[in-house]
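So the structure is just underneath, and the comments pick up after that.
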Amino acid sequence: MELHVLNHPLVEHKMTVLRDKNTPSSTFRELVTELVSLEAYEATRGLEVVDKPIETPVATMVGKAIAKPRPIIVPVLRAGLGMLDGMMKMIPSAEVGFLGMKRDEEHPTQQITHANRLPEDLTGRQCFLIDPMLATGGTLVAATHYLAERGAKDITAINIIAAPEGIEFVEKNVDPSIDFKVVVCAVDETLNERAYIVPGLGDAGDRLYGVI
Ligand code: URA
């Protein structure tokens, strides 16, 4: 597994505002969109392109265009939806599929799949899994295998914050034959007893949608 951490002063500044418990939901959503756009730049380095001949006002040239089949963006419901705008801004031609996986609050290390709106056949598709928090890693492993079993060509997870425990779990448990990469803005200290990332930002879904 390849791990990319965005080390950049702008990202650090935005992350500090994002984490602050006094930041209102409207600002939180804007920051998530901005951070995802920055992550998308790194995450899409391997995006496949084809030659595209065009005419500029001055000359003809061969440019590049995103190859087909189109890449697919997969937000993990609910919090992953908050990252969709930022991704769609960067790859407007991408298809969007939805995967509903959530932590079982009674057994925080396990996942429940509660929704799936994805093409059955993902053969040859480059997939971008978006979910703000890589906490235990359980959801990410399950979602990655779900996409790989449907034929995904490669899978890039884009998270805002990761816990070291989650990274280790993903490294150990994602099938090494899958072409898999993770892009994050920050790797935090640890998980607490309720599997929240510390210092983290709290419950990403609640903060995005104004539940607190
Ligand atoms: N999910 C969240 O929303 N926050 C955490 O800290 C961990 C998982």
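Going by the structure tokens order, chains are called A, B, ..., each with residues numbered from 1, while ligands are numbered from 1 in the order shown.
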
6 Å shell around ligand 1 using only C-alpha atoms and all ligand atoms, listed as a PyMOL selection string
chain A and resi 133+135+195-197+200+202-205

Exercise: A:Arg150 partners within 12 Å, only C-alpha atoms, chain neighbours under 6 positions left out, as a ChimeraX atom specification
/A:118-127,143-144,178

Might you pull out every residue within 12 Å of A:Pro9, with only C-alpha atoms counted and same-chain residues fewer than 6 positions away left off, and present them as a list in words?
Met15, Thr16, Cys185 and Ala186 of chain A

For the residues in the current selection, export N, CA and C atoms as a PDB file, in the first residue's frame.
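Listing of part15.pdb after writing:
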ATOM      1  N   MET A  15      -6.554  22.552   8.278  1.00  0.00           N
ATOM      2  CA  MET A  15      -6.848  21.446   9.199  1.00  0.00           C
ATOM      3  C   MET A  15      -7.080  21.961  10.624  1.00  0.00           C
ATOM      4  N   THR A  16      -6.343  22.989  11.010  1.00  0.00           N
ATOM      5  CA  THR A  16      -6.487  23.519  12.367  1.00  0.00           C
ATOM      6  C   THR A  16      -7.867  24.137  12.556  1.00  0.00           C
ATOM      7  N   CYS A 185      -4.681  14.057   4.719  1.00  0.00           N
ATOM      8  CA  CYS A 185      -4.120  15.371   5.068  1.00  0.00           C
ATOM      9  C   CYS A 185      -3.270  15.277   6.329  1.00  0.00           C
ATOM     10  N   ALA A 186      -3.609  14.351   7.229  1.00  0.00           N
ATOM     11  CA  ALA A 186      -2.861  14.245   8.490  1.00  0.00           C
ATOM     12  C   ALA A 186      -2.980  12.836   9.054  1.00  0.00           C
TER      13      ALA A 186
END

Please identify all polymer residues within 9 Å of stretch 71-74 of chain A, counting only C-alpha atoms, omitting same-chain residues fewer than 4 positions from it, and present them as a list in words.
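In the requested form, the answer reads Leu47, Glu48, Ile66, Ala67, Gly80, Leu81, Leu84, Met87, Met88, Ile91, Ser93, Ala94, Glu95, Val96, Gly97, Phe98, Leu99, Leu118, Leu122, Arg125, Gln126, Cys127, Phe128, Leu129, Ile130 and Asp131 of chain A.
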
Using backbone DSSP assignments, extract all helix (DSSP H, G or I) residues from stretch 87-139 of chain A; output them as JSON, numbers by chain.
{"A": [87, 88, 89, 90, 138, 139]}

Go through A:Gly151, A:Pro176, A:Gly82, A:Gly100 one by one, measure the shortest atom-to-atom distance of each to A:Thr139 using only C-alpha atoms, and give the residue with the smallest value.
A:Gly100

In stretch 32-115 of chain A, what's strand (DSSP E or B) per DSSP? Answer as a PDB file with C-alpha atoms, in the first residue's frame?
ATOM      1  CA  VAL A  49      -5.323   9.902 -20.137  1.00  0.00           C
ATOM      2  CA  VAL A  50      -5.463   9.569 -23.907  1.00  0.00           C
ATOM      3  CA  ASP A  51      -4.227  11.827 -26.669  1.00  0.00           C
ATOM      4  CA  LYS A  52      -6.728  14.414 -27.827  1.00  0.00           C
ATOM      5  CA  PRO A  53      -6.003  16.468 -30.943  1.00  0.00           C
ATOM      6  CA  ILE A  54      -7.367  20.022 -30.734  1.00  0.00           C
ATOM      7  CA  GLU A  55      -7.004  23.365 -32.462  1.00  0.00           C
ATOM      8  CA  THR A  60      -3.130  22.437 -33.850  1.00  0.00           C
ATOM      9  CA  MET A  61      -1.773  20.300 -31.038  1.00  0.00           C
ATOM     10  CA  VAL A  62      -2.287  16.980 -29.303  1.00  0.00           C
ATOM     11  CA  GLY A  63      -3.499  17.483 -25.748  1.00  0.00           C
ATOM     12  CA  LYS A  64      -4.659  14.946 -23.157  1.00  0.00           C
ATOM     13  CA  ALA A  65      -8.123  13.919 -21.998  1.00  0.00           C
ATOM     14  CA  ILE A  66      -9.243  11.588 -19.188  1.00  0.00           C
ATOM     15  CA  ILE A  72     -15.673   6.467 -10.453  1.00  0.00           C
ATOM     16  CA  ILE A  73     -15.931   8.341  -7.160  1.00  0.00           C
ATOM     17  CA  VAL A  74     -17.406   6.349  -4.291  1.00  0.00           C
ATOM     18  CA  PRO A  75     -18.414   8.281  -1.168  1.00  0.00           C
ATOM     19  CA  VAL A  76     -18.884   6.082   1.881  1.00  0.00           C
ATOM     20  CA  LEU A  77     -22.193   7.214   3.395  1.00  0.00           C
ATOM     21  CA  GLU A  95     -19.278   8.783 -12.367  1.00  0.00           C
ATOM     22  CA  VAL A  96     -20.482   8.626  -8.765  1.00  0.00           C
ATOM     23  CA  PHE A  98     -22.524   5.170  -3.337  1.00  0.00           C
ATOM     24  CA  LEU A  99     -21.572   2.722  -0.654  1.00  0.00           C
ATOM     25  CA  GLY A 100     -23.239   2.746   2.739  1.00  0.00           C
ATOM     26  CA  MET A 101     -20.953   1.279   5.342  1.00  0.00           C
ATOM     27  CA  LYS A 102     -20.948   2.413   8.917  1.00  0.00           C
ATOM     28  CA  ARG A 103     -19.343   1.533  12.137  1.00  0.00           C
ATOM     29  CA  ASP A 104     -21.414  -0.729  14.361  1.00  0.00           C
ATOM     30  CA  HIS A 107     -18.986  -3.275  18.185  1.00  0.00           C
ATOM     31  CA  PRO A 108     -16.860  -0.315  17.003  1.00  0.00           C
ATOM     32  CA  THR A 109     -14.391  -2.490  15.126  1.00  0.00           C
ATOM     33  CA  GLN A 110     -17.097  -3.989  12.863  1.00  0.00           C
ATOM     34  CA  GLN A 111     -19.036  -2.599   9.884  1.00  0.00           C
ATOM     35  CA  ILE A 112     -22.610  -2.804   8.689  1.00  0.00           C
ATOM     36  CA  THR A 113     -23.297  -2.425   4.925  1.00  0.00           C
ATOM     37  CA  HIS A 114     -26.593  -0.544   4.673  1.00  0.00           C
ATOM     38  CA  ALA A 115     -26.614   0.766   1.087  1.00  0.00           C
TER      39      ALA A 115
END

12 Å contact set for A:Asn7, only C-alpha atoms, chain neighbours under 6 positions out, as a list of chain:residue names
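Once the adjacent positions are removed, what remains is A:His13, A:Met15, A:Leu38, A:Glu39, A:Glu42, A:Val183, A:Val184, A:Cys185, A:Ala186, A:Val187.
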
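The environment of A:Gly86 within 6 Å, counting only C-alpha atoms and disregarding residues fewer than 2 places along the same chain, consists of Thr33, Val36, Ser37, Met83, Leu84, Met88 and Lys89 of chain A.
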
Contacts of A:Leu3 within 12 Å, only C-alpha atoms, excl. fewer than 5 positions in-chain, as a list in words
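That gives Glu42, Ala43, Thr156, Ala157, Ile158, Asn159, Ala162, Pro164, Ile167, Glu168, Val170, Glu171, Phe180, Lys181, Val182, Val183, Val184, Cys185, Ala186 and Val187 of chain A.
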
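Using only C-alpha atoms, the shortest contact distance between A:Glu34 and any of A:Pro69, A:Glu2, A:Val11, A:Ala148 is found at A:Val11.
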
Point out the residue among A:Lys172, A:Ile160, A:Ile155, A:Thr27 with the least atom-to-atom distance to A:Gly46, counting only C-alpha atoms.
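Selected residue with least distance to A:Gly46: A:Ile155.
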